[in-house]
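*Asks:* Here it is, the structure, as structure tokens.
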Amino acid sequence: MPEPDKGVCSVSDVPLTAPPVIDSAATSLGIELGSTRIKVCLIGEDPSVVLGVGSHDWENEFEGRVWTYSLENVWSGIRAAYADLVADVERRGGERPATFGAIGISAMMHGYLPFGAADEQLVPFRSWRNTTTGTAAAELTEAFGVNIPLRWSIAHLHQAVLDSEQHVGDVRFLTTLAGYVHWKLTGEKVIGVGDASGMFPIDAQTATYDAELLGRYADLVGSRAPGFDLVDLLPTVLVAGTPAGTLTPEGAALLDPSGTLQPGAVFCPPEGDAGTGMVATCSVAPRTGNVSAGTSIFAMIVLESPLEKLHHEIDLVTTPDGHPVAMVHCNNGASELGAWAGLFVRFAAAAGLPLSSDAVFETLFREALEGEADAGGLLAFNNLAGEPITGLDEGRPLVVRTPDSRLDLGNFMRAQLYAAFATLSLGMRVLASEGVAVDRMFAHGGMFRTAGVAQRFLAGSLDAPVVVTETASEGGAWGMAVLASYVGPAASGVSLDDYLRTRVFDENQFSQTPADPADVAGFSTYLDRYRAGLAVESAAIENLTHRTTEQAR
């Protein structure tokens, strides 16, 4: 799932304020493991006051045709990001933190992390980016009458059952990346309801796994895996505001090997990056929605009523406090933009005129405003990975144009930005056909740092106003810190929506961009071209194979 890409944005880019004295008991720490960066954010009693940030870059690996992250890199990355936070707090005149009031863990949702009876990892982590679960997802969707996306944990598990993978009989615990880190820091095998909704369907009335569908799954696998009880394998579901354990001595040592950090801090339920995106954009109430743009891109619309039909383009998940949400998830977001920006960074350096990554992004995004409304006839595909909404099992980034198109930098960059929103727009059109209404769309992620560009094009692609907050580029680490602050007494008698609107946000922080009719028409023309070009993308997947590891070297 998404978060700001390298070069696009970092929490550490955000100007911070820190009081001379930090009350550790009133602080909240948010840790989010995104697809290209692990980020840490510390806030004070006032959740809008950021006391320090830290980050660590990392990348997924494509090993054995599986997108994965090693657990060794999980912990080395968390420790590096935490150390970066500590250094930032000290640099700003604070003391090295020895404790926190509350801690929260967030990470990319979905995927497959199974463990055995001795808590051993049974197979390498299969992240959300894998699209090898088509048979399982289709069978589950038919059996449940609910759309089960390829990346959901139950789809990965069921595919392993269908493939008779040797480890299946040894599975004793299945969780997400956030659930795993939380477990190791607290000893508690729990998960936030929003993250859980990407593992297995949730019953909106009980805010836990759908009991009827659990029964159907038991019947479905009874002959294939006798004695296989999903109820015993999944983590316990908790809603936002519920205390979810405390930092153990072993957990403190994992975060801070120096020994300064002491055990005892309370944890909120671990959440997925979709949930932290909703919190970071103040969009957890019905008729609110948000778009989170990073390595992947997705939209979340909090529903007033259930959808009438099953749609393979739409996931049904929940807010961190259990409200039903329609999610349009696209595997490919801003990574290709980052790759092109890196090319221009290198060009500037090679020309003897070095520019920072931020300066390059600013220039390229501003140039996109000079492009024609339909990107001058250019077409771009940002597909590094498969894209289920368009039926693509793999990705091949492409730029395609006809001889009469107009190739210049403005049109090229507008085509690249449009590509980041194209598949999302296809899914949003499905929701519009269901009559789903949203008062305004909030947006966050590194793409929105350059004011007035990405949000304008997003508004054009959705034909709806887009709101960007002052914290838009801070992303999920800050959202997770806010969720951590909303735990125990802070959540008593106060809904999450009320807490966000009265304690965290105010209307002065919102910058709204209306949809420009010219952009709406231009994007519509581009989207027609995009649909037609899907045949080109499919042909590229069929005929252009991945380089082997030896070739890449």
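As shown in the structure tokens, the chain order sets the letters A, B, ...; within each chain, residues go from 1, and ligands are also counted from 1 in the order they appear.
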Considering only C-alpha atoms, return as a PDB file with N, CA and C atoms, in the first residue's frame whatever protein or nucleic-acid residues lie within 12 Å of Pro124 in chain A, sequence-local ones (same chain, fewer than 4 positions apart) excluded.
*Replies:*
```pdb
ATOM      1  N   ASN A  60      11.250  -2.970  -1.842  1.00  0.00           N
ATOM      2  CA  ASN A  60      10.870  -4.378  -1.937  1.00  0.00           C
ATOM      3  C   ASN A  60      11.820  -5.101  -2.886  1.00  0.00           C
ATOM      4  N   GLU A  61      11.838  -6.412  -2.756  1.00  0.00           N
ATOM      5  CA  GLU A  61      12.683  -7.245  -3.612  1.00  0.00           C
ATOM      6  C   GLU A  61      11.795  -8.178  -4.423  1.00  0.00           C
ATOM      7  N   PHE A  62      12.204  -8.474  -5.636  1.00  0.00           N
ATOM      8  CA  PHE A  62      11.457  -9.397  -6.489  1.00  0.00           C
ATOM      9  C   PHE A  62      12.254 -10.691  -6.537  1.00  0.00           C
ATOM     10  N   GLU A  63      11.946 -11.580  -5.583  1.00  0.00           N
ATOM     11  CA  GLU A  63      12.690 -12.812  -5.421  1.00  0.00           C
ATOM     12  C   GLU A  63      11.802 -14.003  -5.757  1.00  0.00           C
ATOM     13  N   GLY A  64      12.267 -14.851  -6.657  1.00  0.00           N
ATOM     14  CA  GLY A  64      11.469 -16.009  -7.038  1.00  0.00           C
ATOM     15  C   GLY A  64      10.112 -15.619  -7.589  1.00  0.00           C
ATOM     16  N   ARG A  65      10.081 -14.480  -8.314  1.00  0.00           N
ATOM     17  CA  ARG A  65       8.864 -13.916  -8.897  1.00  0.00           C
ATOM     18  C   ARG A  65       7.838 -13.539  -7.827  1.00  0.00           C
ATOM     19  N   VAL A  66       8.324 -13.189  -6.634  1.00  0.00           N
ATOM     20  CA  VAL A  66       7.467 -12.742  -5.536  1.00  0.00           C
ATOM     21  C   VAL A  66       7.992 -11.405  -5.025  1.00  0.00           C
ATOM     22  N   TRP A  67       7.089 -10.417  -4.895  1.00  0.00           N
ATOM     23  CA  TRP A  67       7.459  -9.147  -4.284  1.00  0.00           C
ATOM     24  C   TRP A  67       7.479  -9.343  -2.771  1.00  0.00           C
ATOM     25  N   THR A  68       8.616  -9.025  -2.135  1.00  0.00           N
ATOM     26  CA  THR A  68       8.774  -9.326  -0.722  1.00  0.00           C
ATOM     27  C   THR A  68       9.657  -8.305  -0.020  1.00  0.00           C
ATOM     28  N   TYR A  69       9.588  -8.295   1.297  1.00  0.00           N
ATOM     29  CA  TYR A  69      10.512  -7.576   2.181  1.00  0.00           C
ATOM     30  C   TYR A  69      10.968  -8.589   3.228  1.00  0.00           C
ATOM     31  N   SER A  70      12.253  -8.643   3.513  1.00  0.00           N
ATOM     32  CA  SER A  70      12.724  -9.567   4.547  1.00  0.00           C
ATOM     33  C   SER A  70      12.441  -8.985   5.924  1.00  0.00           C
ATOM     34  N   LEU A  71      12.169  -9.857   6.897  1.00  0.00           N
ATOM     35  CA  LEU A  71      11.922  -9.382   8.249  1.00  0.00           C
ATOM     36  C   LEU A  71      13.184  -8.792   8.872  1.00  0.00           C
ATOM     37  N   GLU A  72      14.349  -9.231   8.410  1.00  0.00           N
ATOM     38  CA  GLU A  72      15.591  -8.608   8.872  1.00  0.00           C
ATOM     39  C   GLU A  72      15.627  -7.132   8.483  1.00  0.00           C
ATOM     40  N   GLY A 111      -1.417  -8.811   2.057  1.00  0.00           N
ATOM     41  CA  GLY A 111      -0.256  -9.664   1.981  1.00  0.00           C
ATOM     42  C   GLY A 111      -0.366 -10.904   2.851  1.00  0.00           C
ATOM     43  N   TYR A 112       0.742 -11.600   2.972  1.00  0.00           N
ATOM     44  CA  TYR A 112       0.741 -12.936   3.572  1.00  0.00           C
ATOM     45  C   TYR A 112       1.951 -13.114   4.463  1.00  0.00           C
ATOM     46  N   LEU A 113       1.712 -13.197   5.775  1.00  0.00           N
ATOM     47  CA  LEU A 113       2.760 -13.419   6.772  1.00  0.00           C
ATOM     48  C   LEU A 113       2.308 -14.545   7.699  1.00  0.00           C
ATOM     49  N   PRO A 114       2.606 -15.811   7.358  1.00  0.00           N
ATOM     50  CA  PRO A 114       2.196 -16.940   8.196  1.00  0.00           C
ATOM     51  C   PRO A 114       3.314 -17.399   9.134  1.00  0.00           C
ATOM     52  N   PHE A 115       2.917 -17.822  10.339  1.00  0.00           N
ATOM     53  CA  PHE A 115       3.872 -18.289  11.330  1.00  0.00           C
ATOM     54  C   PHE A 115       3.429 -19.643  11.881  1.00  0.00           C
ATOM     55  N   GLU A 120       7.768 -19.305  14.218  1.00  0.00           N
ATOM     56  CA  GLU A 120       8.727 -19.162  13.130  1.00  0.00           C
ATOM     57  C   GLU A 120       8.012 -18.740  11.845  1.00  0.00           C
ATOM     58  N   HIS A 167       3.803 -25.767   3.512  1.00  0.00           N
ATOM     59  CA  HIS A 167       3.768 -25.110   4.821  1.00  0.00           C
ATOM     60  C   HIS A 167       2.357 -24.935   5.369  1.00  0.00           C
ATOM     61  N   LEU A 177       1.712  -6.988   8.083  1.00  0.00           N
ATOM     62  CA  LEU A 177       3.003  -6.450   8.501  1.00  0.00           C
ATOM     63  C   LEU A 177       2.860  -5.598   9.768  1.00  0.00           C
TER      64      LEU A 177
END
```
*Asks:* If we count only C-alpha atoms and set the cut-off at 9 Å, which residues sit around range 43-49 of chain A, ignoring sequence neighbours fewer than 2 positions away in its own chain? Please answer as a list in words.
*Replies:*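 So, after excluding close chain neighbours, the residues are Leu16, Thr17, Ala18, Ile22, Asp23, Ser24, Ala25, Ala26, Thr27, Ser28, Leu29, Gly30, Cys41, Leu51, Gly52, Thr471, Trp478, Ala481, Val482, Ser485, Arg503, Val504 and Phe505 of chain A.
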*Asks:* Next, the residues of the selection above should be written as a PDB file, in the first residue's frame with C-alpha atoms.
*Replies:*
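Written out: part00.pdb:
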```
ATOM      1  CA  LEU A  16       8.571  21.280  12.614  1.00  0.00           C
ATOM      2  CA  THR A  17       8.084  23.055  15.875  1.00  0.00           C
ATOM      3  CA  ALA A  18       9.237  21.722  19.229  1.00  0.00           C
ATOM      4  CA  ILE A  22       8.742  17.764  26.087  1.00  0.00           C
ATOM      5  CA  ASP A  23       6.315  16.013  28.421  1.00  0.00           C
ATOM      6  CA  SER A  24       6.993  12.378  27.523  1.00  0.00           C
ATOM      7  CA  ALA A  25       3.736  11.179  29.096  1.00  0.00           C
ATOM      8  CA  ALA A  26       1.775  13.394  26.694  1.00  0.00           C
ATOM      9  CA  THR A  27       3.580  12.341  23.515  1.00  0.00           C
ATOM     10  CA  SER A  28       2.402   9.900  20.884  1.00  0.00           C
ATOM     11  CA  LEU A  29       4.684   8.027  18.502  1.00  0.00           C
ATOM     12  CA  GLY A  30       3.547   6.818  15.086  1.00  0.00           C
ATOM     13  CA  CYS A  41       6.575  10.810  13.752  1.00  0.00           C
ATOM     14  CA  LEU A  51       8.014  17.239  17.868  1.00  0.00           C
ATOM     15  CA  GLY A  52      10.275  15.167  15.654  1.00  0.00           C
ATOM     16  CA  THR A 471      -0.307  17.930   6.751  1.00  0.00           C
ATOM     17  CA  TRP A 478       1.556  11.407  11.462  1.00  0.00           C
ATOM     18  CA  ALA A 481       0.619   9.138  15.795  1.00  0.00           C
ATOM     19  CA  VAL A 482      -2.806  10.799  15.908  1.00  0.00           C
ATOM     20  CA  SER A 485      -3.106   9.804  20.842  1.00  0.00           C
ATOM     21  CA  ARG A 503      -8.738  18.286  18.507  1.00  0.00           C
ATOM     22  CA  VAL A 504      -6.679  17.891  15.352  1.00  0.00           C
ATOM     23  CA  PHE A 505      -8.026  19.839  12.390  1.00  0.00           C
TER      24      PHE A 505
END
```
*Asks:* So what do you get for CA of Arg224 in chain A versus CA of Thr141 in chain A, distance-wise?
*Replies:*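 Between CA of Arg224 in chain A and CA of Thr141 in chain A the gap works out to 18.1 Å.
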*Asks:* Output as an NGL selection string all residues of range 238-459 of chain A that backbone DSSP marks as helix (DSSP H, G or I).
*Replies:* :A and (249-255 or 273-280 or 335-350 or 357-368 or 375-377 or 388-390 or 409-433 or 446-448 or 454-459)
*Asks:* Using only C-alpha atoms, which of the listed residues (A:Leu426, A:Leu337, A:Ala207, A:Leu409) sits closest to Ala368 in chain A?
*Replies:*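 Under the stated criterion, the closest residue is A:Leu409.
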*Asks:* Can you list every residue of range 363-401 of chain A that has an atom at most 7 Å from range 410-423 of chain A, with its nearest atom pair and the distance in Å to one decimal, using only C-alpha atoms, ordered by chain then number, as a Markdown table?
*Replies:*
```
| residue | atom | partner | partner_atom | distance |
| --- | --- | --- | --- | --- |
| A:Leu364 | CA | A:Met413 | CA | 6.6 |
| A:Phe365 | CA | A:Met413 | CA | 6.9 |
| A:Glu367 | CA | A:Gly410 | CA | 4.9 |
| A:Ala368 | CA | A:Gly410 | CA | 4.3 |
| A:Leu369 | CA | A:Gly410 | CA | 6.8 |
| A:Glu370 | CA | A:Gly410 | CA | 5.3 |
| A:Gly371 | CA | A:Gly410 | CA | 4.1 |
| A:Glu372 | CA | A:Asn411 | CA | 6.1 |
| A:Ala375 | CA | A:Asn411 | CA | 4.5 |
| A:Gly376 | CA | A:Asn411 | CA | 5.7 |
| A:Leu378 | CA | A:Ala415 | CA | 6.2 |
| A:Leu379 | CA | A:Ala415 | CA | 6.0 |
| A:Ala380 | CA | A:Ala419 | CA | 5.7 |
| A:Phe381 | CA | A:Ala419 | CA | 5.7 |
| A:Asn382 | CA | A:Ala419 | CA | 6.0 |
```
*Asks:* With DSSP run on the backbone, what are the strand (DSSP E or B) residues within range 230-385 of chain A? I'd like them as a ChimeraX atom specification.
*Replies:* /A:236-238,246,266-267,271-272,288-293,297-302,315-318,324-330,379-381,385
*Asks:* Between CA of Val237 in chain A and CA of Ile191 in chain A, what distance in Å does the model show, to one decimal?
*Replies:*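 Straight-line distance from CA of Val237 in chain A to CA of Ile191 in chain A works out to 5.1 Å.
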*Asks:* So which residues touch Glu537 in chain A within 12 Å, counting only C-alpha atoms, skipping near sequence neighbours fewer than 3 positions away, as a count of residues only?
*Replies:* 30
*Asks:* Find the residues near Ala253 in chain A: any atom within 10 Å, counting only C-alpha atoms, skip ones fewer than 6 places away on the same chain, and give them as a PyMOL selection string.
*Replies:* chain A and resi 79+185+247+259-263
*Asks:* Taking only C-alpha atoms into account, name the residue in A:Asp439, A:Asp210, A:Glu59, A:Glu95 that is nearest to Val302 in chain A.
*Replies:*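 Under the stated criterion, the closest residue is A:Asp439.
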*Asks:* To one decimal place, how far is CA of Leu458 in chain A from CA of Pro306 in chain A in Å?
*Replies:* 25.7 Å
